[in-house]
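This is protein_18.cif. It holds mmCIF, C-alpha atoms.
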data_data
#
loop_
_atom_site.label_atom_id
_atom_site.label_comp_id
_atom_site.auth_asym_id
_atom_site.auth_seq_id
_atom_site.Cartn_x
_atom_site.Cartn_y
_atom_site.Cartn_z
CA MET A 26 255.95 26.08 60.35
CA GLY A 27 253.57 27.87 58.01
CA SER A 28 252.46 24.62 56.39
CA GLU A 29 251.40 23.03 59.69
CA PRO A 30 247.63 22.87 60.26
CA THR A 31 246.20 25.31 62.76
CA ALA A 32 244.43 24.22 65.91
CA GLY A 33 241.17 25.30 64.32
CA ALA A 34 241.76 23.19 61.22
CA LEU A 35 242.68 20.16 63.33
CA LEU A 36 239.62 20.72 65.48
CA ALA A 37 237.31 20.90 62.46
CA ALA A 38 238.81 17.74 60.95
CA GLY A 39 238.66 15.93 64.28
CA SER A 40 235.05 16.93 64.85
CA GLU A 41 234.02 15.59 61.45
CA ALA A 42 235.98 12.38 62.05
CA LEU A 43 234.18 12.04 65.39
CA VAL A 44 230.73 12.28 63.82
CA GLU A 45 231.72 9.84 61.07
CA ALA A 46 232.95 7.35 63.67
CA ALA A 47 229.89 7.76 65.87
CA PHE A 48 227.33 7.40 63.11
CA ARG A 49 229.00 5.26 60.47
CA THR A 50 232.35 3.57 60.98
CA GLY A 51 232.87 3.02 64.71
CA ASP A 52 236.59 3.80 64.24
CA TYR A 53 237.44 6.55 66.73
CA LEU A 54 241.23 6.50 66.35
CA PRO A 55 241.46 9.15 63.59
CA ALA A 56 239.19 11.48 65.55
CA ARG A 57 241.14 10.98 68.77
CA GLN A 58 244.47 11.68 67.04
CA LEU A 59 243.18 14.85 65.37
CA LEU A 60 241.52 16.18 68.52
CA GLU A 61 244.57 15.47 70.68
CA ALA A 62 246.71 17.26 68.09
CA ALA A 63 244.28 20.19 68.14
CA ARG A 64 244.50 20.39 71.91
CA LEU A 65 248.31 20.38 71.85
CA ARG A 66 248.49 22.95 69.04
CA ALA A 67 246.03 25.23 70.82
CA ARG A 68 247.98 24.94 74.07
CA GLU A 69 251.25 25.75 72.30
CA ASN A 70 249.63 28.84 70.78
CA ARG A 71 247.86 29.77 74.03
CA ASP A 72 244.52 29.57 72.26
CA ARG A 73 242.32 28.79 75.22
CA ILE A 74 239.04 28.66 73.29
CA ASP A 75 240.25 26.04 70.80
CA GLU A 76 241.91 24.11 73.63
CA ALA A 77 238.60 23.97 75.50
CA ALA A 78 236.72 22.98 72.35
CA ALA A 79 239.14 20.09 71.82
CA LEU A 80 238.59 18.96 75.41
CA THR A 81 234.83 19.07 74.91
CA ARG A 82 235.02 17.02 71.71
CA LEU A 83 237.29 14.48 73.41
CA GLY A 84 234.62 14.18 76.09
CA MET A 85 232.01 13.67 73.37
CA LEU A 86 234.25 11.01 71.83
CA LEU A 87 234.22 9.06 75.08
CA HIS A 88 230.46 9.51 75.24
CA PHE A 89 229.81 8.18 71.74
CA GLN A 90 232.11 5.22 72.41
CA ALA A 91 230.11 4.46 75.54
CA LEU A 92 226.82 4.61 73.64
CA GLY A 93 228.09 2.01 71.19
CA GLY A 94 229.06 -0.42 73.93
CA ASP A 95 228.13 -1.44 77.47
CA LEU A 96 227.06 1.67 79.37
CA THR A 97 227.71 -0.02 82.71
CA ARG A 98 231.42 -0.14 81.82
CA ALA A 99 231.68 3.47 80.66
CA ASP A 100 234.31 5.63 82.35
CA TRP A 101 231.93 8.42 83.24
CA ALA A 102 234.43 10.05 85.60
CA ALA A 103 237.00 10.53 82.80
CA GLU A 104 234.30 11.97 80.56
CA GLU A 105 233.14 14.31 83.31
CA ARG A 106 236.70 15.57 83.92
CA LEU A 107 237.12 16.56 80.26
CA PHE A 108 233.87 18.52 80.25
CA GLN A 109 234.66 20.18 83.58
CA GLU A 110 238.14 21.20 82.43
CA ALA A 111 236.68 22.61 79.21
CA LEU A 112 233.97 24.51 81.06
CA ALA A 113 236.44 26.10 83.48
CA ILE A 114 238.46 27.45 80.54
CA GLN A 115 235.34 28.60 78.69
CA ARG A 116 234.04 30.54 81.68
CA GLU A 117 237.43 32.17 82.20
CA ALA A 118 237.75 33.01 78.49
CA ASP A 119 234.14 34.24 78.21
CA ASP A 120 233.16 31.67 75.58
CA PRO A 121 229.41 31.15 76.06
CA ALA A 122 228.97 29.04 72.92
CA GLY A 123 231.67 26.66 74.08
CA ALA A 124 230.27 26.63 77.61
CA ALA A 125 226.87 25.57 76.27
CA GLU A 126 228.44 22.50 74.67
CA ALA A 127 230.44 21.57 77.78
CA LEU A 128 227.34 21.97 79.97
CA LEU A 129 225.46 19.70 77.58
CA GLY A 130 228.27 17.17 77.99
CA LEU A 131 228.00 17.29 81.78
CA GLY A 132 224.28 16.72 81.49
CA LEU A 133 224.92 13.69 79.32
CA VAL A 134 227.31 12.22 81.88
CA HIS A 135 224.67 12.34 84.60
CA GLN A 136 221.58 11.49 82.54
CA VAL A 137 222.87 8.85 80.14
CA LEU A 138 225.76 7.24 82.01
CA ARG A 139 224.66 7.61 85.62
CA GLY A 140 220.86 7.62 85.18
CA ASP A 141 220.59 10.73 87.36
CA TRP A 142 218.08 12.97 85.62
CA GLN A 143 217.79 15.46 88.49
CA THR A 144 221.51 16.23 88.51
CA ALA A 145 221.53 16.48 84.72
CA LEU A 146 218.61 18.91 84.47
CA PRO A 147 220.35 22.10 85.73
CA PHE A 148 223.21 21.52 83.30
CA TYR A 149 220.74 21.22 80.42
CA GLN A 150 218.81 24.29 81.53
CA GLU A 151 221.92 26.45 81.73
CA ALA A 152 223.13 25.02 78.43
CA LEU A 153 219.83 25.99 76.79
CA THR A 154 220.04 29.57 78.05
CA LEU A 155 223.50 29.97 76.54
CA ALA A 156 222.90 27.89 73.42
CA GLU A 157 219.82 29.80 72.33
CA ARG A 158 221.86 33.01 72.24
CA TYR A 159 225.30 31.87 71.17
CA ALA A 160 225.59 28.28 69.88
CA ASP A 161 225.05 26.74 66.46
CA GLU A 162 222.00 24.73 65.41
CA MET A 163 223.53 21.38 66.29
CA VAL A 164 224.38 22.24 69.89
CA ARG A 165 220.95 23.85 70.31
CA SER A 166 219.34 20.74 68.82
CA GLU A 167 221.14 18.44 71.24
CA VAL A 168 220.12 20.51 74.27
CA HIS A 169 216.47 20.55 73.18
CA ARG A 170 216.70 16.81 72.46
CA HIS A 171 217.80 15.90 75.97
CA LEU A 172 215.41 18.28 77.67
CA GLY A 173 212.73 16.60 75.59
CA PHE A 174 213.84 13.21 76.85
CA TYR A 175 213.68 14.53 80.42
CA TYR A 176 210.11 15.77 80.13
CA VAL A 177 208.82 12.71 78.23
CA TYR A 178 210.55 9.94 80.15
CA ALA A 179 211.33 11.37 83.60
CA ALA A 180 208.89 14.19 84.31
CA GLY A 181 205.83 12.62 82.68
CA ASP A 182 205.12 15.76 80.64
CA PRO A 183 204.93 14.58 77.02
CA ILE A 184 203.50 17.85 75.72
CA GLN A 185 206.50 19.87 76.85
CA GLY A 186 208.86 17.04 75.93
CA LEU A 187 207.54 16.80 72.38
CA ARG A 188 207.82 20.56 72.03
CA HIS A 189 211.54 20.32 72.76
CA LEU A 190 212.04 17.29 70.50
CA ARG A 191 210.21 18.90 67.59
CA MET A 192 212.36 22.01 67.94
CA SER A 193 215.43 19.77 68.07
CA GLN A 194 214.44 18.19 64.77
CA VAL A 195 213.77 21.55 63.11
CA LEU A 196 217.29 22.64 64.09
CA ARG A 197 218.80 19.37 62.83
CA GLU A 198 217.10 19.78 59.47
CA ARG A 199 218.29 23.37 59.28
CA TYR A 200 221.84 22.23 60.08
CA GLY A 201 221.54 19.79 57.20
CA ASP A 202 223.56 16.73 58.27
CA PRO A 203 221.59 13.63 57.19
CA ARG A 204 223.35 11.53 59.84
CA ARG A 205 221.90 13.74 62.55
CA VAL A 206 218.50 14.13 60.88
CA ALA A 207 217.98 10.36 60.91
CA THR A 208 218.70 10.03 64.62
CA GLY A 209 216.46 13.00 65.38
CA THR A 210 213.58 11.39 63.53
CA LEU A 211 214.12 8.23 65.55
CA ALA A 212 214.08 10.10 68.87
CA LEU A 213 210.93 11.98 67.92
CA GLY A 214 209.19 8.79 66.80
CA GLU A 215 210.02 7.02 70.06
CA ALA A 216 208.75 10.00 72.06
CA GLU A 217 205.50 10.13 70.06
CA LEU A 218 204.97 6.46 70.88
CA ALA A 219 205.65 7.08 74.57
CA ALA A 220 203.09 9.90 74.46
CA GLY A 221 200.48 7.53 73.00
CA ASN A 222 200.54 8.95 69.47
CA ARG A 223 200.99 5.59 67.76
CA ALA A 224 200.04 6.57 64.19
CA GLU A 225 202.47 9.49 64.15
CA ALA A 226 205.12 7.37 65.84
CA LEU A 227 204.83 4.70 63.13
CA ARG A 228 205.14 7.30 60.40
CA LEU A 229 208.24 8.80 61.96
CA LEU A 230 209.87 5.48 62.76
CA ARG A 231 209.41 4.22 59.22
CA GLU A 232 211.00 7.45 58.04
CA ALA A 233 213.83 7.03 60.56
CA VAL A 234 214.68 3.58 59.18
CA HIS A 235 214.64 4.94 55.62
CA GLN A 236 216.79 7.95 56.58
CA ALA A 237 219.28 5.80 58.51
CA ARG A 238 219.78 3.53 55.52
CA SER A 239 219.95 6.43 53.05
CA ALA A 240 222.54 8.21 55.20
CA GLY A 241 224.71 5.09 55.36
CA LEU A 242 224.57 4.84 59.13
CA SER A 243 226.20 1.94 60.92
CA ALA A 244 224.47 -1.41 61.17
CA GLN A 245 224.04 -0.79 64.88
CA ARG A 246 222.22 2.51 64.32
CA ILE A 247 220.04 1.08 61.57
CA GLY A 248 219.29 -1.77 63.98
CA TRP A 249 218.22 0.68 66.69
CA ALA A 250 215.79 2.36 64.29
CA SER A 251 214.46 -0.97 63.00
CA GLN A 252 213.96 -2.30 66.52
CA ALA A 253 212.09 0.85 67.53
CA LEU A 254 209.79 0.43 64.53
CA ASN A 255 209.18 -3.23 65.34
CA ASP A 256 208.38 -2.34 68.95
CA ALA A 257 205.90 0.29 67.79
CA LEU A 258 204.25 -2.17 65.41
CA ASP A 259 203.83 -4.58 68.31
CA ALA A 260 202.45 -1.92 70.66
CA ARG A 261 198.77 -1.57 71.36
CA ASP A 262 196.86 1.70 71.35
CA PRO A 263 196.23 2.85 74.91
#
Can the structure from this file be put into structure tokens for me?
Amino acid sequence: MGSEPTAGALLAAGSEALVEAAFRTGDYLPARQLLEAARLRARENRDRIDEAAALTRLGMLLHFQALGGDLTRADWAAEERLFQEALAIQREADDPAGAAEALLGLGLVHQVLRGDWQTALPFYQEALTLAERYADEMVRSEVHRHLGFYYVYAAGDPIQGLRHLRMSQVLRERYGDPRRVATGTLALGEAELAAGNRAEALRLLREAVHQARSAGLSAQRIGWASQALNDALDARDP
């Protein structure tokens, strides 16, 4: 028994496999197997916090899979159930860092998969309150990122939106994962273009393409960055 990996070790390995699948390989099976094993091991050991974290990451796995495919076919209800189950455990176990990540996930379900910004916003706002006090740089970055998207693309407030997106990128760079840095640069470049800052947008989008290639991101993700740059090059100054 002593040689068996702990729930925490399985969770860490599964989380890394998830990011690798989402940003590079597209192969989610190793991540799913590790995260399911983490959930079972945590449940056996009555480790509610690790069990909830595994549920959250399984929800994120469904979300990344949806992003790589046809969003209209995404099973948003299954994703939502995983985040809700995780959040219920996290509230009961007094795990504010975990709750911030699950709340972020619920916001993603409504904003990205259902196109319902208004339902997503309270989840993001509560997530930010918790994340700023308790969560790591990556969770904080993701919450700022999606609040930035809200203000730029839904609320028509690019100044506030860019403030969130710039903070998101600072946190990504501090966290130090080049896979995440590249996608943050892309998001910021697209937002600068939407705000009418074409010169800065072009600088960032060129950097995003370079970073995506240097980080070995998937062809799909490099394509997203390249397409954004091409769109910016074709855009006219307002």
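Close contacts of segment 132-137 of chain A, defined as residues with an atom at most 7 Å away when counting only C-alpha atoms, with chain neighbours fewer than 3 positions off set aside, comprise Trp101, Glu105, Leu128, Leu129, Gly140, Asp141, Trp142, Thr144, Ala145, Leu146, Phe148 and Tyr149 of chain A.
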Based on the selection just made, write C-alpha atoms of those residues as a PDB file, keeping the file's coordinate frame.
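Saved result, selection_17.pdb, follows:
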ATOM      1  CA  TRP A 101     231.930   8.420  83.240  1.00  0.00           C
ATOM      2  CA  GLU A 105     233.140  14.310  83.310  1.00  0.00           C
ATOM      3  CA  LEU A 128     227.340  21.970  79.970  1.00  0.00           C
ATOM      4  CA  LEU A 129     225.460  19.700  77.580  1.00  0.00           C
ATOM      5  CA  GLY A 140     220.860   7.620  85.180  1.00  0.00           C
ATOM      6  CA  ASP A 141     220.590  10.730  87.360  1.00  0.00           C
ATOM      7  CA  TRP A 142     218.080  12.970  85.620  1.00  0.00           C
ATOM      8  CA  THR A 144     221.510  16.230  88.510  1.00  0.00           C
ATOM      9  CA  ALA A 145     221.530  16.480  84.720  1.00  0.00           C
ATOM     10  CA  LEU A 146     218.610  18.910  84.470  1.00  0.00           C
ATOM     11  CA  PHE A 148     223.210  21.520  83.300  1.00  0.00           C
ATOM     12  CA  TYR A 149     220.740  21.220  80.420  1.00  0.00           C
TER      13      TYR A 149
END
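You will find atom CA of Leu172 of chain A at 27.7 Å from atom CA of Ser239 of chain A.
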Can you list, as an MDAnalysis selection string, the residues that the PyMOL selection byres ((chain A and resi 219) around 12) selects here? chainID A and resid 173:174 176:179 181:184 186:187 212:218 220:227 253 256:257 260:263
Pull out every residue that the PyMOL selection byres ((chain A and resi 38) around 12) matches in the shown coordinates and put them as a compact mmCIF listing (two decimals) with C-alpha atoms, keeping the file's coordinate frame.
# COMPACT_ATOMS: atom_id res chain seq x y z
CA PRO A 30 247.63 22.87 60.26
CA THR A 31 246.20 25.31 62.76
CA ALA A 32 244.43 24.22 65.91
CA GLY A 33 241.17 25.30 64.32
CA ALA A 34 241.76 23.19 61.22
CA LEU A 35 242.68 20.16 63.33
CA LEU A 36 239.62 20.72 65.48
CA ALA A 37 237.31 20.90 62.46
CA GLY A 39 238.66 15.93 64.28
CA SER A 40 235.05 16.93 64.85
CA GLU A 41 234.02 15.59 61.45
CA ALA A 42 235.98 12.38 62.05
CA LEU A 43 234.18 12.04 65.39
CA VAL A 44 230.73 12.28 63.82
CA GLU A 45 231.72 9.84 61.07
CA PRO A 55 241.46 9.15 63.59
CA ALA A 56 239.19 11.48 65.55
CA ARG A 57 241.14 10.98 68.77
CA GLN A 58 244.47 11.68 67.04
CA LEU A 59 243.18 14.85 65.37
CA LEU A 60 241.52 16.18 68.52
CA GLU A 61 244.57 15.47 70.68
CA ALA A 62 246.71 17.26 68.09
CA ALA A 63 244.28 20.19 68.14
CA ALA A 79 239.14 20.09 71.82
CA ARG A 82 235.02 17.02 71.71
Result set, the PyMOL selection byres ((chain A and resi 153) around 9) on current file, as a ChimeraX atom specification: /A:125,129,148-152,154-158,165,168-169,172
Residues of segment 69-170 of chain A that approach segment 198-205 of chain A to 10 Å or less, counting all atoms listed in the file: could you list each one with the shortest pair of atoms and its distance in Å to one decimal, rows by chain and increasing residue number, as a tab-separated table?
residue	atom	partner	partner_atom	distance
A:Asp161	CA	A:Tyr200	CA	8.4
A:Glu162	CA	A:Tyr200	CA	5.9
A:Met163	CA	A:Tyr200	CA	6.5
A:Ser166	CA	A:Tyr200	CA	9.2
A:Glu167	CA	A:Arg205	CA	9.9
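Take atom CA of His235 of chain A and atom CA of Met192 of chain A: the distance between them is 21.2 Å.
The space separating atom CA of Thr81 of chain A from atom CA of Asp120 of chain A comes to 12.7 Å.
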Residues at most 8 Å from segment 87-92 of chain A, counting all atoms listed in the file, excluding those fewer than 3 positions away in the same chain, as a ChimeraX atom specification? /A:47,53,83-84,95-96,98-99,104,134
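Within the 7 Å cut-off around Arg49 of chain A, using all atoms listed in the file and omitting residues fewer than 4 positions from it on the same chain, the listed residues are Glu45, Gly241, Leu242 and Ser243 of chain A.
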Kindly assemble as CSV a list of the segment 90-188 of chain A residues that lie within 12 Å of segment 65-77 of chain A, each paired with its nearest atom pair and their distance in Å to one decimal, using all atoms listed in the file, sorted first by chain and then by ascending residue number.
residue,atom,partner,partner_atom,distance
A:Leu107,CA,A:Ala77,CA,8.9
A:Phe108,CA,A:Ala77,CA,8.6
A:Gln109,CA,A:Ala77,CA,9.8
A:Glu110,CA,A:Ala77,CA,7.5
A:Ala111,CA,A:Ala77,CA,4.4
A:Leu112,CA,A:Ala77,CA,7.3
A:Ala113,CA,A:Ala77,CA,8.5
A:Ile114,CA,A:Ala77,CA,6.1
A:Gln115,CA,A:Ala77,CA,6.5
A:Arg116,CA,A:Ile74,CA,9.9
A:Glu117,CA,A:Arg73,CA,9.2
A:Ala118,CA,A:Ile74,CA,6.9
A:Asp119,CA,A:Ile74,CA,8.9
A:Asp120,CA,A:Ile74,CA,7.0
A:Pro121,CA,A:Ile74,CA,10.3
A:Ala122,CA,A:Ile74,CA,10.1
A:Gly123,CA,A:Ala77,CA,7.6
A:Ala124,CA,A:Ala77,CA,9.0
A:Ala125,CA,A:Ala77,CA,11.9
A:Glu126,CA,A:Ala77,CA,10.3
A:Ala127,CA,A:Ala77,CA,8.8
Residue selection dump (C-alpha atoms) as a PDB file, in the coordinates of the input:
ATOM      1  CA  LEU A 107     237.120  16.560  80.260  1.00  0.00           C
ATOM      2  CA  PHE A 108     233.870  18.520  80.250  1.00  0.00           C
ATOM      3  CA  GLN A 109     234.660  20.180  83.580  1.00  0.00           C
ATOM      4  CA  GLU A 110     238.140  21.200  82.430  1.00  0.00           C
ATOM      5  CA  ALA A 111     236.680  22.610  79.210  1.00  0.00           C
ATOM      6  CA  LEU A 112     233.970  24.510  81.060  1.00  0.00           C
ATOM      7  CA  ALA A 113     236.440  26.100  83.480  1.00  0.00           C
ATOM      8  CA  ILE A 114     238.460  27.450  80.540  1.00  0.00           C
ATOM      9  CA  GLN A 115     235.340  28.600  78.690  1.00  0.00           C
ATOM     10  CA  ARG A 116     234.040  30.540  81.680  1.00  0.00           C
ATOM     11  CA  GLU A 117     237.430  32.170  82.200  1.00  0.00           C
ATOM     12  CA  ALA A 118     237.750  33.010  78.490  1.00  0.00           C
ATOM     13  CA  ASP A 119     234.140  34.240  78.210  1.00  0.00           C
ATOM     14  CA  ASP A 120     233.160  31.670  75.580  1.00  0.00           C
ATOM     15  CA  PRO A 121     229.410  31.150  76.060  1.00  0.00           C
ATOM     16  CA  ALA A 122     228.970  29.040  72.920  1.00  0.00           C
ATOM     17  CA  GLY A 123     231.670  26.660  74.080  1.00  0.00           C
ATOM     18  CA  ALA A 124     230.270  26.630  77.610  1.00  0.00           C
ATOM     19  CA  ALA A 125     226.870  25.570  76.270  1.00  0.00           C
ATOM     20  CA  GLU A 126     228.440  22.500  74.670  1.00  0.00           C
ATOM     21  CA  ALA A 127     230.440  21.570  77.780  1.00  0.00           C
TER      22      ALA A 127
END
Counting all atoms listed in the file, figure out which residue out of A:Leu211, A:Asn255, A:Gln245, A:Gly130 gets nearest to Ala233 of chain A. A:Leu211
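Nearest-residue note for Arg246 of chain A: choosing from A:Leu80, A:Leu131, A:Ala207, A:Leu229, the minimum distance belongs to A:Ala207, counting all atoms listed in the file.
In this comparison, which uses all atoms listed in the file, the residue of A:Gly248, A:Pro147, A:Gly209, A:Gly94 approaching Tyr175 of chain A most closely is A:Pro147.
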